[in-house]
Structures are given as C-alpha cells and as structure tokens.
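A.B. asks: So that you have it, the file is input36.txt, and it contains compact mmCIF, C-alpha atoms:
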# COMPACT_ATOMS: atom_id res chain seq x y z
CA MET O 36 78.69 77.78 91.19
CA ASN O 37 77.80 81.21 92.54
CA CYS O 38 78.88 84.65 91.31
CA CYS O 39 81.90 84.91 93.66
CA GLU O 40 83.23 81.52 92.57
CA PHE O 41 82.65 82.44 88.94
CA ARG O 42 84.54 85.76 89.28
CA GLU O 43 87.35 83.99 91.12
CA LYS O 44 87.77 81.50 88.32
CA TYR O 45 86.98 83.92 85.54
CA SER O 46 90.57 84.29 84.24
CA ASP O 47 91.03 80.55 84.01
CA PHE O 48 87.61 80.30 82.36
CA ALA O 49 88.41 83.02 79.81
CA ASP O 50 91.85 81.58 79.07
CA GLY O 51 90.55 78.02 78.75
CA LEU O 52 92.50 76.72 81.72
CA LEU O 53 89.61 75.05 83.54
CA THR O 54 88.93 71.34 83.36
CA SER O 55 86.02 70.35 81.13
CA GLY O 56 83.79 69.79 84.18
CA GLU O 57 84.64 73.18 85.70
CA HIS O 58 84.25 74.87 82.32
CA ALA O 59 80.77 73.41 81.87
CA GLU O 60 79.84 74.54 85.36
CA ALA O 61 81.11 78.09 84.72
CA SER O 62 79.32 78.24 81.35
CA GLY O 63 76.12 77.12 83.04
CA HIS O 64 76.42 79.87 85.62
CA LEU O 65 77.13 82.49 82.96
CA ALA O 66 74.06 81.46 80.98
CA ALA O 67 71.88 81.73 84.06
CA CYS O 68 73.35 84.87 85.70
CA ALA O 69 72.62 88.30 84.17
CA ALA O 70 75.08 90.09 86.50
CA CYS O 71 77.98 87.88 85.43
CA ARG O 72 76.99 88.32 81.78
CA ARG O 73 77.11 92.10 82.30
CA PHE O 74 80.49 91.72 83.96
CA GLU O 75 81.86 89.73 81.04
CA ALA O 76 80.36 92.12 78.48
CA ALA O 77 81.88 95.13 80.25
CA LEU O 78 85.26 93.47 80.47
CA ASN O 79 85.25 92.47 76.80
CA ALA O 80 84.09 95.93 75.68
CA GLY O 81 86.83 97.53 77.78
CA LEU O 82 89.47 95.17 76.48
CA ASN O 83 88.40 95.73 72.88
CA ALA O 84 88.58 99.48 73.40
CA LEU O 85 91.97 99.10 75.06
CA ARG O 86 93.34 97.01 72.20
CA SER O 87 91.99 99.46 69.64
CA LEU O 88 93.91 102.35 71.16
CA PRO O 89 96.53 103.61 68.73
CA ARG O 90 99.97 102.18 69.43
CA LEU O 91 102.51 104.84 70.27
CA GLY O 92 105.55 105.15 68.07
CA VAL O 93 108.92 106.45 69.21
CA SER O 94 109.47 110.15 68.65
CA HIS O 95 111.58 111.56 65.85
CA GLY O 96 114.62 112.18 68.03
CA PHE O 97 114.62 108.73 69.62
CA GLY O 98 117.28 107.23 67.35
CA ALA O 99 119.56 110.25 67.68
CA ARG O 100 119.31 110.23 71.46
CA LEU O 101 119.98 106.50 71.64
CA ARG O 102 122.93 106.96 69.29
CA HIS O 103 124.30 109.68 71.54
CA ARG O 104 123.91 107.57 74.65
CA LEU O 105 125.48 104.49 73.06
CA ARG O 106 128.41 106.63 71.95
CA GLY O 107 128.78 107.81 75.53
CA GLU O 108 128.57 104.23 76.72
CA LEU O 109 131.47 103.22 74.48
CA ALA O 110 133.46 106.35 75.25
CA VAL O 111 133.28 105.46 78.93
CA ARG O 112 133.99 101.80 78.45
CA VAL O 113 137.13 102.07 76.28
CA PRO O 114 139.12 104.42 78.56
CA VAL O 115 138.22 102.27 81.57
CA VAL O 116 139.91 99.27 79.96
CA ALA O 117 142.85 101.39 78.87
CA ARG O 118 143.14 103.01 82.30
CA TRP O 119 143.09 99.66 84.09
CA SER O 120 145.64 98.07 81.83
CA SER O 121 148.03 101.00 82.19
CA ALA O 122 147.57 101.02 85.97
CA VAL O 123 148.29 97.32 86.21
CA GLY O 124 151.33 97.73 83.96
CA THR O 125 152.70 100.57 86.09
CA LEU O 126 152.12 98.60 89.26
CA LEU O 127 153.98 95.57 87.88
CA LEU O 128 156.87 97.76 86.76
CA VAL O 129 157.16 99.42 90.18
CA ALA O 130 157.02 96.03 91.89
CA ALA O 131 159.71 94.60 89.60
CA VAL O 132 162.04 97.57 90.12
CA GLY O 133 161.46 97.44 93.89
CA TYR O 134 162.18 93.72 94.00
CA ILE O 135 165.40 94.07 92.00
CA ARG O 136 166.67 96.92 94.21
CA TRP O 137 165.81 95.05 97.39
CA ASP O 138 167.47 91.86 96.14
CA LEU O 139 170.68 93.69 95.14
CA ARG O 140 170.92 95.39 98.52
CA GLU O 141 170.36 92.14 100.42
CA SER O 142 172.99 90.22 98.50
CA HIS O 143 175.42 93.10 98.91
CA GLU O 144 174.90 93.13 102.68
CA MET O 145 175.31 89.38 102.93
CA ARG O 146 178.50 89.46 100.93
CA ARG O 147 179.91 92.17 103.19
CA GLU O 148 178.98 90.18 106.30
CA GLN O 149 180.63 87.01 104.94
CA MET O 150 183.79 88.93 104.11
CA ALA O 151 183.94 90.40 107.61
CA LYS O 152 183.59 86.95 109.21
CA SER O 153 186.18 85.35 106.90
CA ALA O 154 188.58 88.11 107.83
CA SER O 155 188.10 87.39 111.58
CA GLY O 156 188.70 83.61 111.06
CA TRP O 157 185.28 82.57 112.36
CA HIS O 158 183.55 79.45 110.87
CA PRO O 159 180.00 78.45 111.65
CA ALA O 160 179.45 75.14 113.43
CA PRO O 161 176.93 72.72 111.85
CA LEU O 162 173.44 73.37 113.12
CA PRO O 163 171.63 70.67 115.12
CA LEU O 164 168.48 69.53 113.34
CA ALA O 165 165.02 69.79 114.79
CA ALA O 166 163.55 66.46 115.83
CA ASN O 167 160.57 65.02 113.88
CA ALA O 168 160.95 67.53 111.06
CA PRO O 169 160.07 66.13 107.60
CA PHE O 170 163.06 67.94 106.20
CA PRO O 171 166.29 69.26 107.74
CA VAL O 172 165.16 72.19 109.80
CA PRO O 173 167.50 73.65 112.42
CA SER O 174 166.12 73.24 115.93
CA ALA O 175 164.34 76.32 117.14
CA SER O 176 166.08 76.06 120.53
CA HIS O 177 169.47 76.56 118.93
CA ILE O 178 168.77 79.19 116.39
CA ARG O 179 166.95 82.40 116.07
CA VAL O 180 165.71 83.34 112.65
CA VAL O 181 166.51 86.96 112.18
CA ARG O 182 165.34 87.19 108.60
CA ALA O 183 163.48 84.87 106.31
CA SER O 184 162.92 85.54 102.69
CA PHE O 185 161.13 83.62 100.01
CA GLU O 186 162.93 83.34 96.72
CA PRO O 187 160.31 82.72 94.08
CA PHE O 188 162.80 82.62 91.23
CA HIS O 189 165.00 79.96 92.82
CA PRO O 190 164.48 76.57 91.07
CA MET O 191 163.57 74.95 94.41
CA ASN O 192 161.32 77.79 95.57
CA SER O 193 163.69 78.10 98.48
CA ILE O 194 163.22 79.91 101.73
CA LEU O 195 166.36 81.71 102.73
CA LEU O 196 166.92 81.85 106.48
CA VAL O 197 169.48 84.11 108.08
CA ALA O 198 169.95 82.51 111.47
CA GLN O 199 171.82 83.21 114.70
CA SER O 200 172.46 80.79 117.54
CA ALA O 201 171.71 82.10 120.98
CA PRO O 202 173.58 83.79 122.52
CA ILE O 203 176.51 83.72 120.05
CA ALA O 204 175.77 85.18 116.67
CA MET O 205 176.43 82.59 114.04
CA GLY O 206 175.34 84.72 111.16
CA GLY O 207 175.54 83.72 107.57
CA PRO O 208 172.60 82.71 105.43
CA GLN O 209 171.50 79.08 105.70
CA ARG O 210 169.57 77.98 102.65
CA LEU O 211 166.78 75.52 103.31
CA ASP O 212 165.16 74.03 100.24
CA LEU O 213 161.64 73.92 101.50
CA PRO O 214 158.38 73.62 99.61
CA ALA O 215 156.97 77.03 98.88
CA VAL O 216 153.90 76.33 101.00
CA TRP O 217 155.86 75.43 104.10
CA GLY O 218 154.72 77.55 106.99
CA GLY O 219 157.30 76.47 109.57
CA PRO O 220 156.80 74.60 112.85
CA MET A 217 118.94 102.27 61.64
CA THR A 218 122.56 101.34 61.24
CA LEU A 219 125.12 100.69 63.89
CA ALA A 220 128.53 101.12 62.35
CA VAL A 221 132.00 101.44 63.82
CA ARG A 222 133.70 104.72 63.05
CA ASP A 223 136.92 105.65 64.83
CA GLY A 224 136.23 102.96 67.39
CA VAL A 225 132.77 104.34 68.14
CA ARG A 226 129.58 102.60 67.14
CA ILE A 227 127.25 104.91 65.33
CA LEU A 228 123.55 104.50 64.80
CA GLY A 229 122.35 105.70 61.46
CA HIS A 230 119.46 104.98 59.12
CA ALA A 231 119.38 102.14 56.67
CA PRO A 232 116.39 100.83 54.75
CA THR A 233 116.83 97.15 55.67
CA THR A 234 119.19 95.03 57.67
CA PRO A 235 120.47 91.59 56.77
CA PHE A 236 119.05 90.35 60.08
CA ALA A 237 115.42 91.13 59.34
CA GLY A 238 114.43 87.52 58.68
CA LEU A 239 116.25 86.01 61.63
CA GLU A 240 114.96 84.86 64.99
CA ASP A 241 115.78 87.03 68.00
CA ALA A 242 118.27 84.48 69.28
CA GLN A 243 120.12 84.52 65.96
CA VAL A 244 120.21 88.31 65.94
CA VAL A 245 121.59 88.32 69.48
CA GLN A 246 124.24 85.79 68.48
CA ALA A 247 125.12 87.87 65.44
CA PHE A 248 125.65 90.92 67.64
CA LEU A 249 127.81 88.93 70.03
CA ASP A 250 129.81 87.68 67.06
CA GLY A 251 130.64 91.28 66.23
CA HIS A 252 127.93 92.20 63.71
CA GLU A 253 127.21 95.69 64.89
CA ARG A 254 124.07 96.15 62.83
CA ALA A 255 122.35 93.34 64.67
CA PHE A 256 121.75 95.69 67.58
CA ASP A 257 119.79 97.99 65.26
CA GLU A 258 117.56 95.11 64.40
CA LEU A 259 116.84 94.46 68.08
CA VAL A 260 116.08 98.16 68.59
CA SER A 261 113.72 98.31 65.64
CA ARG A 262 111.94 95.12 66.72
CA TYR A 263 111.37 96.14 70.31
CA GLN A 264 111.26 99.92 70.57
CA THR A 265 107.53 100.25 69.87
CA ARG A 266 106.49 97.26 71.93
CA LEU A 267 108.54 98.35 74.92
CA LEU A 268 107.39 101.95 74.58
CA ASN A 269 103.73 100.93 74.70
CA PHE A 270 104.26 98.53 77.56
CA ILE A 271 106.11 101.11 79.66
CA TYR A 272 103.70 103.87 78.70
CA ARG A 273 100.70 101.81 79.81
CA THR A 274 102.51 101.09 83.07
CA VAL A 275 103.83 104.54 83.97
CA GLY A 276 101.29 106.67 82.06
CA ASP A 277 103.77 109.31 80.88
CA ARG A 278 104.89 109.20 77.28
CA GLU A 279 108.10 111.19 77.58
CA ARG A 280 109.26 109.30 80.62
CA ALA A 281 108.32 106.04 78.90
CA GLU A 282 110.58 106.94 75.99
CA ASP A 283 113.44 107.74 78.36
CA LEU A 284 112.96 104.38 80.02
CA VAL A 285 112.93 102.56 76.67
CA GLN A 286 116.29 104.17 75.97
CA GLU A 287 117.51 102.96 79.32
CA VAL A 288 116.30 99.46 78.47
CA PHE A 289 118.37 99.45 75.27
CA ILE A 290 121.41 100.83 77.06
CA ARG A 291 121.19 98.03 79.58
CA ILE A 292 120.64 95.44 76.87
CA TYR A 293 123.69 96.78 75.06
CA ARG A 294 125.75 96.77 78.23
CA HIS A 295 124.80 93.30 79.41
CA LEU A 296 123.98 91.34 76.26
CA HIS A 297 127.15 89.28 76.65
CA ARG A 298 125.77 88.02 79.96
CA PHE A 299 122.33 87.15 78.59
CA ASP A 300 121.44 83.48 79.02
CA GLN A 301 120.76 82.48 75.45
CA THR A 302 118.71 79.45 76.46
CA LYS A 303 115.99 81.97 77.39
CA LYS A 304 113.84 84.18 75.19
CA PHE A 305 115.30 87.56 74.39
CA SER A 306 111.88 89.20 74.46
CA THR A 307 111.26 87.98 78.01
CA TRP A 308 114.61 89.41 79.11
CA ALA A 309 113.90 92.75 77.43
CA TYR A 310 110.46 92.94 79.04
CA THR A 311 111.95 92.00 82.41
CA ILE A 312 114.34 94.95 82.21
CA ALA A 313 111.50 97.21 81.07
CA SER A 314 109.21 95.99 83.83
CA ASN A 315 111.84 96.56 86.51
CA LEU A 316 112.55 100.07 85.25
CA ALA A 317 108.84 100.87 85.14
CA LYS A 318 108.39 99.58 88.69
CA ASN A 319 111.33 101.67 89.89
CA GLU A 320 109.84 104.69 88.19
CA LEU A 321 106.52 104.20 89.96
CA ARG A 322 108.27 103.60 93.27
CA ASN A 323 110.34 106.76 92.89
CA ARG A 324 107.26 108.76 91.99
CA SER A 325 105.43 107.57 95.07
CA ARG A 326 108.32 108.89 97.18
CA ASN A 327 108.60 112.09 95.19
CA PRO A 328 106.12 114.98 95.29
CA LEU A 329 106.57 115.27 91.54
CA VAL A 330 103.84 112.65 91.30
CA LEU A 331 101.30 115.42 91.81
CA PHE A 332 102.72 117.29 88.89
CA GLN A 333 102.66 114.15 86.74
CA THR A 334 99.01 113.59 87.53
CA ILE A 335 98.15 117.19 86.73
CA LYS A 336 100.21 116.98 83.57
CA ARG A 337 98.37 113.86 82.41
CA HIS A 338 95.01 115.58 82.73
CA TRP A 339 96.40 118.71 81.18
CA GLU A 340 97.63 116.68 78.21
CA ALA A 341 94.18 115.20 77.76
CA ASP A 342 92.62 118.66 77.68
CA HIS A 343 95.25 120.15 75.39
CA ARG A 344 95.59 117.32 72.95
CA PRO A 345 96.44 118.56 69.47
CA LEU A 346 93.60 118.68 66.97
CA GLN A 347 93.25 115.33 65.24
CA PHE A 348 91.41 114.59 62.03
CA GLU A 349 88.92 111.85 62.52
CA ASP A 350 86.95 109.62 60.24
CA SER A 351 84.34 111.94 58.73
CA SER A 352 82.16 109.02 57.66
CA SER A 353 81.23 108.34 61.30
CA ARG A 354 78.47 110.25 63.03
CA PRO A 355 79.61 112.92 65.51
CA ASP A 356 77.96 111.17 68.46
CA ASP A 357 79.74 107.91 67.55
CA LEU A 358 83.03 109.76 67.38
CA PHE A 359 82.37 111.31 70.75
CA ARG A 360 81.48 107.93 72.25
CA LYS A 361 84.62 106.32 70.81
CA ARG A 362 86.89 109.06 72.09
CA HIS A 363 85.17 109.01 75.45
CA LEU A 364 85.56 105.24 75.67
CA ARG A 365 89.25 105.45 74.84
CA GLU A 366 89.88 108.02 77.53
CA LEU A 367 87.85 105.97 79.93
CA VAL A 368 89.80 102.84 79.16
CA GLU A 369 93.13 104.63 79.62
CA GLN A 370 91.99 106.00 82.94
CA SER A 371 90.70 102.60 84.03
CA VAL A 372 94.08 100.99 83.35
CA SER A 373 95.92 103.75 85.19
CA GLN A 374 93.67 103.23 88.21
CA LEU A 375 94.73 99.61 88.64
CA PRO A 376 97.29 98.94 91.38
CA GLU A 377 100.81 98.86 89.93
CA HIS A 378 101.49 95.14 90.33
CA HIS A 379 98.08 94.30 88.84
CA ARG A 380 98.57 96.77 86.01
CA VAL A 381 101.90 95.26 84.89
CA VAL A 382 100.41 91.77 84.69
CA PHE A 383 97.25 93.07 83.01
CA VAL A 384 99.15 95.00 80.32
CA LEU A 385 101.52 92.12 79.65
CA ARG A 386 98.62 89.74 79.18
CA GLU A 387 95.98 91.85 77.47
CA LEU A 388 98.10 94.17 75.35
CA GLU A 389 101.38 92.37 74.87
CA GLY A 390 99.85 88.91 74.61
CA LYS A 391 102.36 87.24 76.93
CA THR A 392 101.72 83.76 78.31
CA TYR A 393 101.31 83.19 82.03
CA GLU A 394 104.75 81.58 82.16
CA GLU A 395 106.38 84.54 80.43
CA ILE A 396 104.64 86.98 82.77
CA ALA A 397 105.84 84.95 85.75
CA GLU A 398 109.40 85.18 84.46
CA ILE A 399 109.17 88.88 83.64
CA THR A 400 107.68 89.88 86.96
CA GLY A 401 109.63 87.39 89.04
CA CYS A 402 106.45 85.97 90.54
CA ASN A 403 105.20 82.42 90.60
CA LEU A 404 102.43 81.23 88.28
CA GLY A 405 99.79 81.27 91.02
CA THR A 406 100.51 84.90 91.85
CA VAL A 407 100.32 85.85 88.19
CA LYS A 408 96.94 84.14 87.78
CA SER A 409 95.61 85.72 90.94
CA ARG A 410 96.82 89.21 90.00
CA LEU A 411 95.47 88.93 86.48
CA ASN A 412 92.09 87.80 87.73
CA ARG A 413 91.90 90.66 90.20
CA ALA A 414 93.05 93.14 87.55
CA ARG A 415 90.36 91.92 85.13
CA ASN A 416 87.70 92.14 87.82
CA ASN A 417 88.82 95.64 88.84
CA PHE A 418 89.02 96.81 85.26
CA ALA A 419 85.49 95.55 84.54
CA ALA A 420 84.23 97.14 87.76
CA ILE A 421 85.81 100.51 86.91
CA ILE A 422 84.62 100.59 83.33
CA SER A 423 81.18 98.97 83.52
CA PRO A 424 79.28 101.99 85.00
CA HIS A 425 80.47 104.10 82.06
CA LEU A 426 79.42 101.65 79.41
CA ASP A 427 75.69 101.70 80.07
Once you've parsed the file, please lay out its structure as structure tokens.

C.D. replies:
Amino acid sequence: MNCCEFREKYSDFADGLLTSGEHAEASGHLAACAACRRFEAALNAGLNALRSLPRLGVSHGFGARLRHRLRGELAVRVPVVARWSSAVGTLLLVAAVGYIRWDLRESHEMRREQMAKSASGWHPAPLPLAANAPFPVPSASHIRVVRASFEPFHPMNSILLVAQSAPIAMGGPQRLDLPAVWGGP
Amino acid sequence: MTLAVRDGVRILGHAPTTPFAGLEDAQVVQAFLDGHERAFDELVSRYQTRLLNFIYRTVGDRERAEDLVQEVFIRIYRHLHRFDQTKKFSTWAYTIASNLAKNELRNRSRNPLVLFQTIKRHWEADHRPLQFEDSSSRPDDLFRKRHLRELVEQSVSQLPEHHRVVFVLRELEGKTYEEIAEITGCNLGTVKSRLNRARNNFAAIISPHLD
C-alpha cells in the first residue's frame, strides 16, 4: 500500500470499516510511513481541538422569539380553516338557492306549456324507439332534444328530455329513466 | 419551557421539568400528536443546542444559525403530523437543518452580502468580549490553545460546503454513515468519499500550523 492508497482508504481505516486483511495492510503502511503518521497526528490533533471547542447555547431571547413565531403560526392557521369553511358554506348555500330557483322556474314553464297544448287539443304521438338501444331511447332521426336536464334528487337519477319531432313541435317533457352515467348515443 | 394553550393559542413558557423528559424521541413525538402540547417543548429543549451547533459550524454565523434553528422548529411544528414515525426524529430534524443551512449558503453565494459576512466573522474574532481563562495554565499555553481553536474553526469553514456538512455531522454530531446519507440525501458511497476528502483537506489545512 502506498501513501495515496492509504489516504484514500483512511476514513474506512479510522472507522474500522476495512476487512482484517486491508486493516493489517494499512496499519503496516502507517507504521512504516512518517508522512502518513504526521497526517494522522495532524488530523487527530485538529479533531480533538474541534471537539473541545465550547458548544454554543441558544441566546436568552431564543425561547421568546420561538414563542412569538409559534403564536403567529397558529394565528395564521386557525383563520385559514375558518375562512375556508365559511367560504365553502357560502358556496353551497348559493348553489342550493340557485338550484331551487332554477327548478321552480323550469317546472312553472313546463306547466304553462302543457296547459297551452291541452287548451289547443293537441296530443303527442308515441315516439318511435331508437334501434339497438339498451333502454327505450327515442330515435334521434325523429326527435330533437331541445333541453336535457339531470335530476339528481329523482329516485331513478333520471334525465329529463324535452324533445321536439322535426319539423312539427311535439313539445312536452319525456322522462327517460336512464342511469346517471349514461352519456347518450 | 412550557407550551400551553391559552385562548386557543399555544404559549411557550418556562417550566423546571416536563413529564416527557425520560421518554424516547418517538414517544415524545407521539405525545405531541396525541395533543400533549408540552411535548413540543421537550423536543425544543433536546435539539436546540445540537441544531444550533450543527448549523453554526455549517454557516459560520451565530445569529443566522439561531434564526435557522427557529425555522427548523417552525417547520417541525408545522409538519410533525406528516413525519414518518418509522424513522428517527433526530435524522428528520437534522435533515431540515441541513437543507436550511445549504439554502443559506447558496443564497449567500448569490448575494453580495457574503462579503459582509466574511468581514463580520473576522471582525467578531478581533472584537471578542474579554473572557476569563484558566489562570493555572501558562500564558503561552493559553495562547496556543486559543490560536489552535481559531485555526480549527477557520479550517472547518474553509472546507467545501458539501464536505463540511458531512464532516460536521460525523466528527461533531457523531452521526453514523447511514444517518448522514439520509440527512444529506446522498448514497453511502458519496458520504464515505466526501468524508474522506473532508478529513484529508482538514488535515492538510491544519497540519502546517501544528508544527
């Protein structure tokens, strides 16, 4: 083993990580080499001096400053939770009110439309069904969907279709009890 | 110190002992997560000095080191609920400290303030407050000791940053190679290589002054 090899393996040698054969070889080199002995002596003296340096302690105001910062941390965190929960609550309330208003207006319009058609003596003809549909879906060639709405509160998760035949307006809502995930043909 | 809840705010105060003094770190962490506010005090008192010395040896500025130790505790406080309790708390704390110290050094290298910090360090050495020393020692011994200490501090600060972190963790904090690898995010081979180079550099820097 030469000096370069010894210095390269020095950490493993000092920390006892070499195999017994390598350790014996490194020890042999150290015993024979004055330069490597000086290196090791300098390192050990430096490390001893380093370890004997007084350990710093935190300053007198450290606890108070940490206390202040932790207080700030909590002061920030609590309102964030409160702010988010109130925002979500407001959003839900607005959505609920909007939905109710929209639903009332739609049903009112439909009722008015039905009444107008009843008064004129018009009755819708049964719709032809689309071929190969897994459920009764009116054929797209006969109807035109003018409005589709999803009714999440209906027990069947229905999709409400307001349809018209072309070119004569058939009008009137046709309820199709479709699975909620149905995307249409 | 005591961490108590007052009006929904946790307050650090001083207390002579805590009921967590005899517990392992993992148990103290669990106690804090279970809602025992004082457990955080115990973690602070256990680690504040160790982290301060580690960061100070890495960044070389006492005041900044103390600021960074505070930052470490803030982050611990903020993220303790996400801490993987299968791992050692001390390793996690040192990882946070090491990352903050690295960031500090990186920021300094981009910032001209580094010049001021260097000047300030030398200024501090020259204007150190008068200290009473052991009068039983001979004056030349005292001079040699003080000189050696300054020399050693300078030698550590001259090491490249990534060598210095590994060197301080091993030689001053007594961490194992595996712990250092985890703290620094390096593999074991890199840790060994950096430590060996740091030891060689340190010996090379200090040896001319020891003769």

A.B. asks: Which residues of chain O sit at most 12 Å from chain A, using all atoms listed in the file? Give each one's shortest atom pair and distance in Å (one decimal place), in chain and ascending residue order, as a Markdown table.

C.D. replies:
| residue | atom | partner | partner_atom | distance |
| --- | --- | --- | --- | --- |
| O:Cys39 | CA | A:Asn416 | CA | 11.0 |
| O:Glu40 | CA | A:Asn412 | CA | 11.9 |
| O:Phe41 | CA | A:Asn412 | CA | 10.9 |
| O:Arg42 | CA | A:Asn416 | CA | 7.3 |
| O:Glu43 | CA | A:Asn412 | CA | 7.0 |
| O:Lys44 | CA | A:Asn412 | CA | 7.7 |
| O:Tyr45 | CA | A:Asn412 | CA | 6.8 |
| O:Ser46 | CA | A:Asn412 | CA | 5.2 |
| O:Asp47 | CA | A:Lys408 | CA | 7.9 |
| O:Phe48 | CA | A:Asn412 | CA | 10.3 |
| O:Ala49 | CA | A:Asn412 | CA | 10.0 |
| O:Asp50 | CA | A:Tyr393 | CA | 10.0 |
| O:Leu52 | CA | A:Lys408 | CA | 10.6 |
| O:Ala70 | CA | A:Ser423 | CA | 11.2 |
| O:Cys71 | CA | A:Ala419 | CA | 10.8 |
| O:Arg72 | CA | A:Ala419 | CA | 11.5 |
| O:Arg73 | CA | A:Ser423 | CA | 8.1 |
| O:Phe74 | CA | A:Ala419 | CA | 6.3 |
| O:Glu75 | CA | A:Ala419 | CA | 7.7 |
| O:Ala76 | CA | A:Ser423 | CA | 8.5 |
| O:Ala77 | CA | A:Ser423 | CA | 5.1 |
| O:Leu78 | CA | A:Ala419 | CA | 4.6 |
| O:Asn79 | CA | A:Ala419 | CA | 8.3 |
| O:Ala80 | CA | A:Leu426 | CA | 8.3 |
| O:Gly81 | CA | A:Val368 | CA | 6.2 |
| O:Leu82 | CA | A:Glu387 | CA | 7.4 |
| O:Asn83 | CA | A:Val368 | CA | 9.6 |
| O:Ala84 | CA | A:Arg365 | CA | 6.2 |
| O:Leu85 | CA | A:Val368 | CA | 6.0 |
| O:Arg86 | CA | A:Leu388 | CA | 6.4 |
| O:Ser87 | CA | A:Arg365 | CA | 8.4 |
| O:Leu88 | CA | A:Arg365 | CA | 6.7 |
| O:Pro89 | CA | A:Arg365 | CA | 9.7 |
| O:Arg90 | CA | A:Asn269 | CA | 6.6 |
| O:Leu91 | CA | A:Asn269 | CA | 6.0 |
| O:Gly92 | CA | A:Thr265 | CA | 5.6 |
| O:Val93 | CA | A:Thr265 | CA | 6.4 |
| O:Ser94 | CA | A:Glu282 | CA | 8.1 |
| O:His95 | CA | A:Glu282 | CA | 11.2 |
| O:Gly96 | CA | A:Glu282 | CA | 10.4 |
| O:Phe97 | CA | A:Glu282 | CA | 7.8 |
| O:Gly98 | CA | A:Leu228 | CA | 7.3 |
| O:Ala99 | CA | A:Leu228 | CA | 7.6 |
| O:Arg100 | CA | A:Gln286 | CA | 8.1 |
| O:Leu101 | CA | A:Gln286 | CA | 6.1 |
| O:Arg102 | CA | A:Leu228 | CA | 5.2 |
| O:His103 | CA | A:Ile227 | CA | 8.4 |
| O:Arg104 | CA | A:Ile290 | CA | 7.6 |
| O:Leu105 | CA | A:Ile290 | CA | 6.8 |
| O:Arg106 | CA | A:Val225 | CA | 6.2 |
| O:Gly107 | CA | A:Val225 | CA | 9.1 |
| O:Glu108 | CA | A:Ile290 | CA | 7.9 |
| O:Leu109 | CA | A:Val225 | CA | 6.6 |
| O:Ala110 | CA | A:Val225 | CA | 7.4 |
| O:Val111 | CA | A:Val225 | CA | 10.9 |
| O:Arg112 | CA | A:Arg294 | CA | 9.7 |
| O:Val113 | CA | A:Gly224 | CA | 9.0 |
| O:Pro114 | CA | A:Gly224 | CA | 11.6 |

A.B. asks: Save out the residues we just selected, C-alpha atoms, as a PDB file, keeping the file's coordinate frame.

C.D. replies:
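Done, and the output landed in selection.pdb:
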ATOM      1  CA  CYS O  39      81.900  84.910  93.660  1.00  0.00           C
ATOM      2  CA  GLU O  40      83.230  81.520  92.570  1.00  0.00           C
ATOM      3  CA  PHE O  41      82.650  82.440  88.940  1.00  0.00           C
ATOM      4  CA  ARG O  42      84.540  85.760  89.280  1.00  0.00           C
ATOM      5  CA  GLU O  43      87.350  83.990  91.120  1.00  0.00           C
ATOM      6  CA  LYS O  44      87.770  81.500  88.320  1.00  0.00           C
ATOM      7  CA  TYR O  45      86.980  83.920  85.540  1.00  0.00           C
ATOM      8  CA  SER O  46      90.570  84.290  84.240  1.00  0.00           C
ATOM      9  CA  ASP O  47      91.030  80.550  84.010  1.00  0.00           C
ATOM     10  CA  PHE O  48      87.610  80.300  82.360  1.00  0.00           C
ATOM     11  CA  ALA O  49      88.410  83.020  79.810  1.00  0.00           C
ATOM     12  CA  ASP O  50      91.850  81.580  79.070  1.00  0.00           C
ATOM     13  CA  LEU O  52      92.500  76.720  81.720  1.00  0.00           C
ATOM     14  CA  ALA O  70      75.080  90.090  86.500  1.00  0.00           C
ATOM     15  CA  CYS O  71      77.980  87.880  85.430  1.00  0.00           C
ATOM     16  CA  ARG O  72      76.990  88.320  81.780  1.00  0.00           C
ATOM     17  CA  ARG O  73      77.110  92.100  82.300  1.00  0.00           C
ATOM     18  CA  PHE O  74      80.490  91.720  83.960  1.00  0.00           C
ATOM     19  CA  GLU O  75      81.860  89.730  81.040  1.00  0.00           C
ATOM     20  CA  ALA O  76      80.360  92.120  78.480  1.00  0.00           C
ATOM     21  CA  ALA O  77      81.880  95.130  80.250  1.00  0.00           C
ATOM     22  CA  LEU O  78      85.260  93.470  80.470  1.00  0.00           C
ATOM     23  CA  ASN O  79      85.250  92.470  76.800  1.00  0.00           C
ATOM     24  CA  ALA O  80      84.090  95.930  75.680  1.00  0.00           C
ATOM     25  CA  GLY O  81      86.830  97.530  77.780  1.00  0.00           C
ATOM     26  CA  LEU O  82      89.470  95.170  76.480  1.00  0.00           C
ATOM     27  CA  ASN O  83      88.400  95.730  72.880  1.00  0.00           C
ATOM     28  CA  ALA O  84      88.580  99.480  73.400  1.00  0.00           C
ATOM     29  CA  LEU O  85      91.970  99.100  75.060  1.00  0.00           C
ATOM     30  CA  ARG O  86      93.340  97.010  72.200  1.00  0.00           C
ATOM     31  CA  SER O  87      91.990  99.460  69.640  1.00  0.00           C
ATOM     32  CA  LEU O  88      93.910 102.350  71.160  1.00  0.00           C
ATOM     33  CA  PRO O  89      96.530 103.610  68.730  1.00  0.00           C
ATOM     34  CA  ARG O  90      99.970 102.180  69.430  1.00  0.00           C
ATOM     35  CA  LEU O  91     102.510 104.840  70.270  1.00  0.00           C
ATOM     36  CA  GLY O  92     105.550 105.150  68.070  1.00  0.00           C
ATOM     37  CA  VAL O  93     108.920 106.450  69.210  1.00  0.00           C
ATOM     38  CA  SER O  94     109.470 110.150  68.650  1.00  0.00           C
ATOM     39  CA  HIS O  95     111.580 111.560  65.850  1.00  0.00           C
ATOM     40  CA  GLY O  96     114.620 112.180  68.030  1.00  0.00           C
ATOM     41  CA  PHE O  97     114.620 108.730  69.620  1.00  0.00           C
ATOM     42  CA  GLY O  98     117.280 107.230  67.350  1.00  0.00           C
ATOM     43  CA  ALA O  99     119.560 110.250  67.680  1.00  0.00           C
ATOM     44  CA  ARG O 100     119.310 110.230  71.460  1.00  0.00           C
ATOM     45  CA  LEU O 101     119.980 106.500  71.640  1.00  0.00           C
ATOM     46  CA  ARG O 102     122.930 106.960  69.290  1.00  0.00           C
ATOM     47  CA  HIS O 103     124.300 109.680  71.540  1.00  0.00           C
ATOM     48  CA  ARG O 104     123.910 107.570  74.650  1.00  0.00           C
ATOM     49  CA  LEU O 105     125.480 104.490  73.060  1.00  0.00           C
ATOM     50  CA  ARG O 106     128.410 106.630  71.950  1.00  0.00           C
ATOM     51  CA  GLY O 107     128.780 107.810  75.530  1.00  0.00           C
ATOM     52  CA  GLU O 108     128.570 104.230  76.720  1.00  0.00           C
ATOM     53  CA  LEU O 109     131.470 103.220  74.480  1.00  0.00           C
ATOM     54  CA  ALA O 110     133.460 106.350  75.250  1.00  0.00           C
ATOM     55  CA  VAL O 111     133.280 105.460  78.930  1.00  0.00           C
ATOM     56  CA  ARG O 112     133.990 101.800  78.450  1.00  0.00           C
ATOM     57  CA  VAL O 113     137.130 102.070  76.280  1.00  0.00           C
ATOM     58  CA  PRO O 114     139.120 104.420  78.560  1.00  0.00           C
TER      59      PRO O 114
END

A.B. asks: Would you mind reading off the distance between atom CA of Ile292 of chain A and atom CA of Trp308 of chain A, one decimal, in Å?

C.D. replies: 8.8 Å

A.B. asks: Grab the atom CA of Asn315 of chain A to atom CA of Phe383 of chain A distance for me, in Å with one decimal place.

C.D. replies: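 Going from atom CA of Asn315 of chain A over to atom CA of Phe383 of chain A, I get 15.4 Å.
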
A.B. asks: Atom CA of Gln370 of chain A to atom CA of Tyr263 of chain A: how many Å, to one decimal?

C.D. replies: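 Distance between the two atoms: 25.1 Å.
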